[in-house]
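Structure data (mmCIF, C-alpha atoms) from coords10.cif:
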```cif
data_target
loop_
_atom_site.group_PDB
_atom_site.id
_atom_site.type_symbol
_atom_site.label_atom_id
_atom_site.label_comp_id
_atom_site.auth_asym_id
_atom_site.auth_seq_id
_atom_site.Cartn_x
_atom_site.Cartn_y
_atom_site.Cartn_z
ATOM 1 C CA ASP Z 1 -68.781 63.861 28.756
ATOM 2 C CA THR Z 2 -65.301 62.372 28.814
ATOM 3 C CA ALA Z 3 -65.427 58.625 29.499
ATOM 4 C CA VAL Z 4 -61.851 58.153 30.725
ATOM 5 C CA SER Z 5 -59.998 61.290 31.799
ATOM 6 C CA GLN Z 6 -56.447 61.828 32.967
ATOM 7 C CA THR Z 7 -54.701 64.736 34.648
ATOM 8 C CA PRO Z 8 -52.384 66.312 33.905
ATOM 9 C CA LYS Z 9 -52.101 66.070 30.125
ATOM 10 C CA TYR Z 10 -48.459 67.141 30.215
ATOM 11 C CA LEU Z 11 -45.969 66.776 33.041
ATOM 12 C CA VAL Z 12 -42.422 68.123 32.902
ATOM 13 C CA THR Z 13 -40.225 67.525 35.921
ATOM 14 C CA GLN Z 14 -36.668 67.057 37.103
ATOM 15 C CA MET Z 15 -34.913 63.772 37.818
ATOM 16 C CA GLY Z 16 -35.385 62.622 41.378
ATOM 17 C CA ASN Z 17 -38.782 64.258 41.862
ATOM 18 C CA ASP Z 18 -41.969 62.455 42.855
ATOM 19 C CA LYS Z 19 -45.098 62.927 40.752
ATOM 20 C CA SER Z 20 -48.620 61.579 40.423
ATOM 21 C CA ILE Z 21 -50.992 61.072 37.504
ATOM 22 C CA LYS Z 22 -54.708 60.791 38.123
ATOM 23 C CA CYS Z 23 -57.301 58.830 36.162
ATOM 24 C CA GLU Z 24 -61.074 58.787 36.416
ATOM 25 C CA GLN Z 25 -63.704 56.878 34.450
ATOM 26 C CA ASN Z 26 -67.430 57.573 34.385
ATOM 27 C CA LEU Z 27 -68.392 54.393 32.514
ATOM 28 C CA GLY Z 28 -69.275 52.402 35.611
ATOM 29 C CA HIS Z 29 -66.528 49.885 34.815
ATOM 30 C CA ASP Z 30 -65.026 47.542 37.373
ATOM 31 C CA THR Z 31 -61.522 47.297 35.900
ATOM 32 C CA MET Z 32 -58.872 49.950 35.276
ATOM 33 C CA TYR Z 33 -55.385 49.798 33.782
ATOM 34 C CA TRP Z 34 -52.162 51.740 33.356
ATOM 35 C CA TYR Z 35 -50.162 51.394 30.143
ATOM 36 C CA LYS Z 36 -46.834 52.937 29.160
ATOM 37 C CA GLN Z 37 -46.121 54.017 25.570
ATOM 38 C CA ASP Z 38 -42.433 54.549 24.903
ATOM 39 C CA SER Z 39 -40.753 56.784 22.359
ATOM 40 C CA LYS Z 40 -41.122 54.088 19.676
ATOM 41 C CA LYS Z 41 -44.881 54.010 20.334
ATOM 42 C CA PHE Z 42 -44.691 50.547 21.873
ATOM 43 C CA LEU Z 43 -47.518 49.945 24.367
ATOM 44 C CA LYS Z 44 -47.084 47.803 27.442
ATOM 45 C CA ILE Z 45 -49.393 47.145 30.369
ATOM 46 C CA MET Z 46 -48.104 48.112 33.794
ATOM 47 C CA PHE Z 47 -50.939 47.507 36.266
ATOM 48 C CA SER Z 48 -54.561 46.528 36.445
ATOM 49 C CA TYR Z 49 -57.124 46.867 39.229
ATOM 50 C CA ASN Z 50 -60.474 45.125 39.440
ATOM 51 C CA ASN Z 51 -62.883 46.462 42.061
ATOM 52 C CA LYS Z 52 -59.976 48.221 43.783
ATOM 53 C CA GLU Z 53 -57.935 45.001 43.929
ATOM 54 C CA LEU Z 54 -54.573 44.739 42.148
ATOM 55 C CA ILE Z 55 -54.728 41.897 39.632
ATOM 56 C CA ILE Z 56 -51.953 42.634 37.133
ATOM 57 C CA ASN Z 57 -48.556 43.847 38.247
ATOM 58 C CA GLU Z 58 -46.051 43.611 35.423
ATOM 59 C CA THR Z 59 -42.308 43.876 35.825
ATOM 60 C CA VAL Z 60 -42.302 47.525 36.758
ATOM 61 C CA PRO Z 61 -39.810 49.243 39.108
ATOM 62 C CA ASN Z 62 -41.219 49.560 42.605
ATOM 63 C CA ARG Z 63 -40.831 53.321 42.239
ATOM 64 C CA PHE Z 64 -44.187 53.063 40.464
ATOM 65 C CA SER Z 65 -47.124 52.604 42.820
ATOM 66 C CA PRO Z 66 -50.738 52.518 41.696
ATOM 67 C CA LYS Z 67 -53.565 53.388 44.045
ATOM 68 C CA SER Z 68 -57.275 52.855 43.540
ATOM 69 C CA PRO Z 69 -59.355 54.759 46.109
ATOM 70 C CA ASP Z 70 -62.564 53.531 44.461
ATOM 71 C CA LYS Z 71 -63.680 51.742 41.275
ATOM 72 C CA ALA Z 72 -63.842 54.962 39.282
ATOM 73 C CA HIS Z 73 -60.316 56.142 40.060
ATOM 74 C CA LEU Z 74 -56.835 54.762 39.507
ATOM 75 C CA ASN Z 75 -53.854 56.961 40.248
ATOM 76 C CA LEU Z 76 -50.202 56.365 39.462
ATOM 77 C CA HIS Z 77 -47.509 57.668 41.772
ATOM 78 C CA ILE Z 78 -43.891 57.660 40.641
ATOM 79 C CA ASN Z 79 -41.021 58.179 43.091
ATOM 80 C CA SER Z 80 -37.485 59.287 42.285
ATOM 81 C CA LEU Z 81 -38.170 59.937 38.609
ATOM 82 C CA GLU Z 82 -35.519 58.850 36.107
ATOM 83 C CA LEU Z 83 -34.828 59.926 32.529
ATOM 84 C CA GLY Z 84 -36.081 56.555 31.283
ATOM 85 C CA ASP Z 85 -39.503 57.197 32.791
ATOM 86 C CA SER Z 86 -40.179 59.743 30.052
ATOM 87 C CA ALA Z 87 -43.095 58.326 28.088
ATOM 88 C CA VAL Z 88 -46.811 58.691 27.520
ATOM 89 C CA TYR Z 89 -48.884 56.993 30.204
ATOM 90 C CA PHE Z 90 -52.375 55.833 29.316
ATOM 91 C CA CYS Z 91 -55.155 54.904 31.655
ATOM 92 C CA ALA Z 92 -57.885 52.558 30.436
ATOM 93 C CA SER Z 93 -61.005 50.921 31.807
ATOM 94 C CA SER Z 94 -63.169 47.931 30.908
ATOM 95 C CA PRO Z 95 -66.402 46.435 32.233
ATOM 96 C CA GLY Z 96 -64.484 43.561 33.780
ATOM 97 C CA THR Z 97 -61.592 41.200 33.179
ATOM 98 C CA ARG Z 98 -63.200 38.912 30.629
ATOM 99 C CA PRO Z 99 -61.110 38.590 27.461
ATOM 100 C CA SER Z 100 -64.063 39.872 25.437
ATOM 101 C CA ASP Z 101 -64.313 43.106 27.444
ATOM 102 C CA THR Z 102 -63.271 46.158 25.441
ATOM 103 C CA GLN Z 103 -60.792 48.519 27.042
ATOM 104 C CA TYR Z 104 -61.420 52.247 26.631
ATOM 105 C CA PHE Z 105 -58.434 54.542 26.845
ATOM 106 C CA GLY Z 106 -57.891 57.997 28.240
ATOM 107 C CA PRO Z 107 -56.127 60.783 26.306
ATOM 108 C CA GLY Z 108 -52.737 60.069 27.865
ATOM 109 C CA THR Z 109 -50.264 61.961 30.057
ATOM 110 C CA ARG Z 110 -46.969 62.901 28.439
ATOM 111 C CA LEU Z 111 -44.278 62.750 31.114
ATOM 112 C CA THR Z 112 -40.936 64.382 30.391
ATOM 113 C CA VAL Z 113 -38.132 63.926 32.895
ATOM 114 C CA LEU Z 114 -35.247 66.385 32.520
ATOM 115 C CA ALA P 1 -46.601 33.189 25.552
ATOM 116 C CA GLN P 2 -48.860 35.621 23.778
ATOM 117 C CA SER P 3 -47.483 37.793 21.019
ATOM 118 C CA VAL P 4 -48.650 40.023 18.205
ATOM 119 C CA ALA P 5 -46.755 41.027 15.086
ATOM 120 C CA GLN P 6 -47.560 43.853 12.722
ATOM 121 C CA PRO P 7 -45.041 43.230 9.952
ATOM 122 C CA GLU P 8 -45.302 46.668 8.333
ATOM 123 C CA ASP P 9 -44.129 49.776 10.157
ATOM 124 C CA GLN P 10 -45.793 51.934 7.505
ATOM 125 C CA VAL P 11 -48.503 51.477 4.891
ATOM 126 C CA ASN P 12 -49.059 54.047 2.155
ATOM 127 C CA VAL P 13 -52.237 54.118 0.070
ATOM 128 C CA ALA P 14 -53.949 56.578 -2.231
ATOM 129 C CA GLU P 15 -57.298 58.014 -1.225
ATOM 130 C CA GLY P 16 -60.141 55.908 -2.568
ATOM 131 C CA ASN P 17 -58.041 52.748 -2.805
ATOM 132 C CA PRO P 18 -58.581 49.746 -0.530
ATOM 133 C CA LEU P 19 -56.284 49.436 2.470
ATOM 134 C CA THR P 20 -54.999 46.495 4.479
ATOM 135 C CA VAL P 21 -53.054 46.620 7.737
ATOM 136 C CA LYS P 22 -51.629 43.240 8.664
ATOM 137 C CA CYS P 23 -51.578 41.486 12.030
ATOM 138 C CA THR P 24 -50.552 37.994 13.077
ATOM 139 C CA TYR P 25 -50.807 36.597 16.577
ATOM 140 C CA SER P 26 -49.764 33.765 18.841
ATOM 141 C CA VAL P 27 -51.732 32.613 21.905
ATOM 142 C CA SER P 28 -52.009 29.343 23.777
ATOM 143 C CA GLY P 29 -55.816 29.347 23.938
ATOM 144 C CA ASN P 30 -58.604 30.845 21.860
ATOM 145 C CA PRO P 31 -57.675 34.356 20.737
ATOM 146 C CA TYR P 32 -59.612 37.522 21.450
ATOM 147 C CA LEU P 33 -58.389 40.139 18.993
ATOM 148 C CA PHE P 34 -58.738 43.902 18.920
ATOM 149 C CA TRP P 35 -57.872 46.807 16.644
ATOM 150 C CA TYR P 36 -57.282 50.305 17.975
ATOM 151 C CA VAL P 37 -56.419 53.556 16.205
ATOM 152 C CA GLN P 38 -54.305 56.379 17.624
ATOM 153 C CA TYR P 39 -54.423 59.848 16.092
ATOM 154 C CA PRO P 40 -51.499 62.214 16.811
ATOM 155 C CA ASN P 41 -51.346 63.303 20.463
ATOM 156 C CA ARG P 42 -54.536 61.394 21.256
ATOM 157 C CA GLY P 43 -55.491 58.263 23.136
ATOM 158 C CA LEU P 44 -56.347 54.945 21.554
ATOM 159 C CA GLN P 45 -59.785 54.562 20.046
ATOM 160 C CA PHE P 46 -61.423 51.143 19.782
ATOM 161 C CA LEU P 47 -62.256 50.075 16.210
ATOM 162 C CA LEU P 48 -63.420 46.465 16.393
ATOM 163 C CA LYS P 49 -62.877 43.092 18.013
ATOM 164 C CA TYR P 50 -63.112 39.392 17.280
ATOM 165 C CA ILE P 51 -64.502 37.176 20.016
ATOM 166 C CA THR P 52 -66.009 34.176 18.285
ATOM 167 C CA GLY P 53 -68.325 33.346 15.413
ATOM 168 C CA ASP P 54 -68.247 35.127 12.077
ATOM 169 C CA ASN P 55 -64.711 35.519 10.766
ATOM 170 C CA LEU P 56 -65.485 38.911 9.205
ATOM 171 C CA VAL P 57 -65.913 41.581 11.847
ATOM 172 C CA LYS P 58 -67.284 45.032 11.049
ATOM 173 C CA GLY P 59 -66.308 48.040 13.116
ATOM 174 C CA SER P 60 -66.276 51.803 13.304
ATOM 175 C CA TYR P 61 -65.624 54.241 10.421
ATOM 176 C CA GLY P 62 -66.147 51.580 7.734
ATOM 177 C CA PHE P 63 -63.307 49.339 8.927
ATOM 178 C CA GLU P 64 -63.541 45.560 9.006
ATOM 179 C CA ALA P 65 -61.185 42.753 9.906
ATOM 180 C CA GLU P 66 -60.918 39.150 8.844
ATOM 181 C CA PHE P 67 -60.007 36.459 11.368
ATOM 182 C CA ASN P 68 -58.087 33.550 9.834
ATOM 183 C CA LYS P 69 -57.386 30.795 12.330
ATOM 184 C CA SER P 70 -55.166 28.675 10.075
ATOM 185 C CA GLN P 71 -52.930 31.643 9.273
ATOM 186 C CA THR P 72 -53.250 33.111 12.800
ATOM 187 C CA SER P 73 -54.008 36.468 11.263
ATOM 188 C CA PHE P 74 -56.434 39.314 11.869
ATOM 189 C CA HIS P 75 -55.890 41.849 9.083
ATOM 190 C CA LEU P 76 -57.650 45.205 9.178
ATOM 191 C CA LYS P 77 -59.300 46.346 5.947
ATOM 192 C CA LYS P 78 -61.267 49.187 4.454
ATOM 193 C CA PRO P 79 -62.671 49.202 0.899
ATOM 194 C CA SER P 80 -61.985 52.883 0.227
ATOM 195 C CA ALA P 81 -59.388 54.851 2.221
ATOM 196 C CA LEU P 82 -59.851 58.447 3.338
ATOM 197 C CA VAL P 83 -57.120 60.978 4.062
ATOM 198 C CA SER P 84 -58.606 61.232 7.553
ATOM 199 C CA ASP P 85 -57.801 57.535 8.125
ATOM 200 C CA SER P 86 -54.113 58.471 8.391
ATOM 201 C CA ALA P 87 -53.075 57.420 11.896
ATOM 202 C CA LEU P 88 -51.255 54.759 13.910
ATOM 203 C CA TYR P 89 -53.041 51.403 14.097
ATOM 204 C CA PHE P 90 -52.533 48.795 16.804
ATOM 205 C CA CYS P 91 -53.543 45.152 16.860
ATOM 206 C CA ALA P 92 -53.888 43.495 20.289
ATOM 207 C CA VAL P 93 -54.601 40.008 21.612
ATOM 208 C CA THR P 94 -55.629 38.346 24.839
ATOM 209 C CA ASP P 95 -57.067 35.013 25.950
ATOM 210 C CA TYR P 96 -58.580 33.448 29.053
ATOM 211 C CA ASN P 97 -56.741 33.579 32.377
ATOM 212 C CA GLN P 98 -54.982 36.812 31.447
ATOM 213 C CA GLY P 99 -57.106 39.043 33.664
ATOM 214 C CA GLY P 100 -57.762 41.393 30.768
ATOM 215 C CA LYS P 101 -54.081 41.811 29.898
ATOM 216 C CA LEU P 102 -53.812 42.987 26.286
ATOM 217 C CA ILE P 103 -50.631 42.354 24.307
ATOM 218 C CA PHE P 104 -50.156 44.977 21.614
ATOM 219 C CA GLY P 105 -48.334 44.828 18.315
ATOM 220 C CA GLN P 106 -45.743 47.473 17.551
ATOM 221 C CA GLY P 107 -48.161 49.575 15.527
ATOM 222 C CA THR P 108 -48.489 50.398 11.820
ATOM 223 C CA GLU P 109 -48.462 53.977 10.574
ATOM 224 C CA LEU P 110 -51.091 54.389 7.850
ATOM 225 C CA SER P 111 -50.635 57.275 5.451
ATOM 226 C CA VAL P 112 -53.416 58.051 2.968
ATOM 227 C CA LYS P 113 -52.483 60.561 0.270
ATOM 228 C CA PRO P 114 -55.001 62.578 -1.776
#
```
Any chance you could give the structure as structure tokens?
Amino acid sequence: DTAVSQTPKYLVTQMGNDKSIKCEQNLGHDTMYWYKQDSKKFLKIMFSYNNKELIINETVPNRFSPKSPDKAHLNLHINSLELGDSAVYFCASSPGTRPSDTQYFGPGTRLTVL
Amino acid sequence: AQSVAQPEDQVNVAEGNPLTVKCTYSVSGNPYLFWYVQYPNRGLQFLLKYITGDNLVKGSYGFEAEFNKSQTSFHLKKPSALVSDSALYFCAVTDYNQGGKLIFGQGTELSVKP
């Protein structure tokens, strides 16, 4: 049983297109996150939702819009894709937002914008 | 502002030798520190964390980490390295009032040779 799953695993698309990445967790956690890992492997948080409420919204272009239909799902929609959006996007979840709560990561979605 | 530094981009060790992957941090409050490992084309796997209490933390796969408050460090260690330990290692930090936001170091590539 996969704890945090993401679809698709790979996404190749043209500049200007709109795409979505889906994330699901079966851990019963209240909090979910999106991280971006760039070509130098640097990891940076983008968004966080707790009980479907947005609580972290980093300096991310408004072309990126997260949506949490329920606690177990957090999707990422990206409009008007640009070359610089090429990266690996990781979803994660944690029991809550306490600093001691461990975050568990999904396998990642490699997005390539041509 | 929170920050994490992993001063070595790459660490090379021989199988069977002890390994150390270094991490220093900066936070305004009490630190909560994490180590994650990333194997090629995989997500991040949680290794261990420091919350409070004992400065020596034991984690998965025989790894441990030592919290040193005066040196603001949280180095990852293993007494005897395995070839299968070769991977990318990330240190991360958070503290209270961050809503679960983890700040990651830039990662250290560990290479264990037979």
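Take atom CA of Pro66 of chain Z and atom CA of Leu43 of chain Z: the distance between them is 17.8 Å.
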Nearest to Ile21 of chain Z by atom-to-atom distance, counting all atoms listed in the file, from Z:Gln103, Z:Gln6, Z:Ser39, Z:Asn51: Z:Gln6
Kindly resolve the PyMOL selection byres ((chain P) within 8 of (chain Z)) on the present coordinates and return the residues as a PDB file with C-alpha atoms, keeping the file's coordinate frame.
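Everything below was put into result_1.pdb:
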```pdb
ATOM      1  CA  TYR P  32     -59.612  37.522  21.450  1.00  0.00           C
ATOM      2  CA  ASN P  41     -51.346  63.303  20.463  1.00  0.00           C
ATOM      3  CA  ARG P  42     -54.536  61.394  21.256  1.00  0.00           C
ATOM      4  CA  GLY P  43     -55.491  58.263  23.136  1.00  0.00           C
ATOM      5  CA  LEU P  44     -56.347  54.945  21.554  1.00  0.00           C
ATOM      6  CA  GLN P  45     -59.785  54.562  20.046  1.00  0.00           C
ATOM      7  CA  PHE P  46     -61.423  51.143  19.782  1.00  0.00           C
ATOM      8  CA  ILE P  51     -64.502  37.176  20.016  1.00  0.00           C
ATOM      9  CA  THR P  94     -55.629  38.346  24.839  1.00  0.00           C
ATOM     10  CA  ASP P  95     -57.067  35.013  25.950  1.00  0.00           C
ATOM     11  CA  TYR P  96     -58.580  33.448  29.053  1.00  0.00           C
ATOM     12  CA  GLN P  98     -54.982  36.812  31.447  1.00  0.00           C
ATOM     13  CA  GLY P  99     -57.106  39.043  33.664  1.00  0.00           C
ATOM     14  CA  GLY P 100     -57.762  41.393  30.768  1.00  0.00           C
ATOM     15  CA  LYS P 101     -54.081  41.811  29.898  1.00  0.00           C
ATOM     16  CA  LEU P 102     -53.812  42.987  26.286  1.00  0.00           C
ATOM     17  CA  ILE P 103     -50.631  42.354  24.307  1.00  0.00           C
ATOM     18  CA  PHE P 104     -50.156  44.977  21.614  1.00  0.00           C
ATOM     19  CA  GLY P 105     -48.334  44.828  18.315  1.00  0.00           C
ATOM     20  CA  GLN P 106     -45.743  47.473  17.551  1.00  0.00           C
ATOM     21  CA  GLY P 107     -48.161  49.575  15.527  1.00  0.00           C
TER      22      GLY P 107
END
```
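Take the candidates P:Lys113, P:Lys49, P:Lys78, P:Lys69 and check each one against Asn12 of chain P using all atoms listed in the file; the shortest distance goes to P:Lys113.
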Who sits within 10 Å of Pro69 of chain Z, only C-alpha atoms, same chain under 4 positions skipped, as number ranges by chain: Z: 51-52, 73-75
Residue IDs satisfying the PyMOL selection byres ((chain P and resi 16-21) around 12), as JSON, numbers by chain: {"P": [5, 6, 7, 8, 9, 10, 11, 12, 13, 14, 15, 22, 23, 24, 35, 36, 37, 62, 63, 64, 65, 66, 73, 74, 75, 76, 77, 78, 79, 80, 81, 82, 83, 84, 85, 86, 87, 88, 89, 90, 91, 105, 107, 108, 109, 110, 111, 112, 113, 114]}
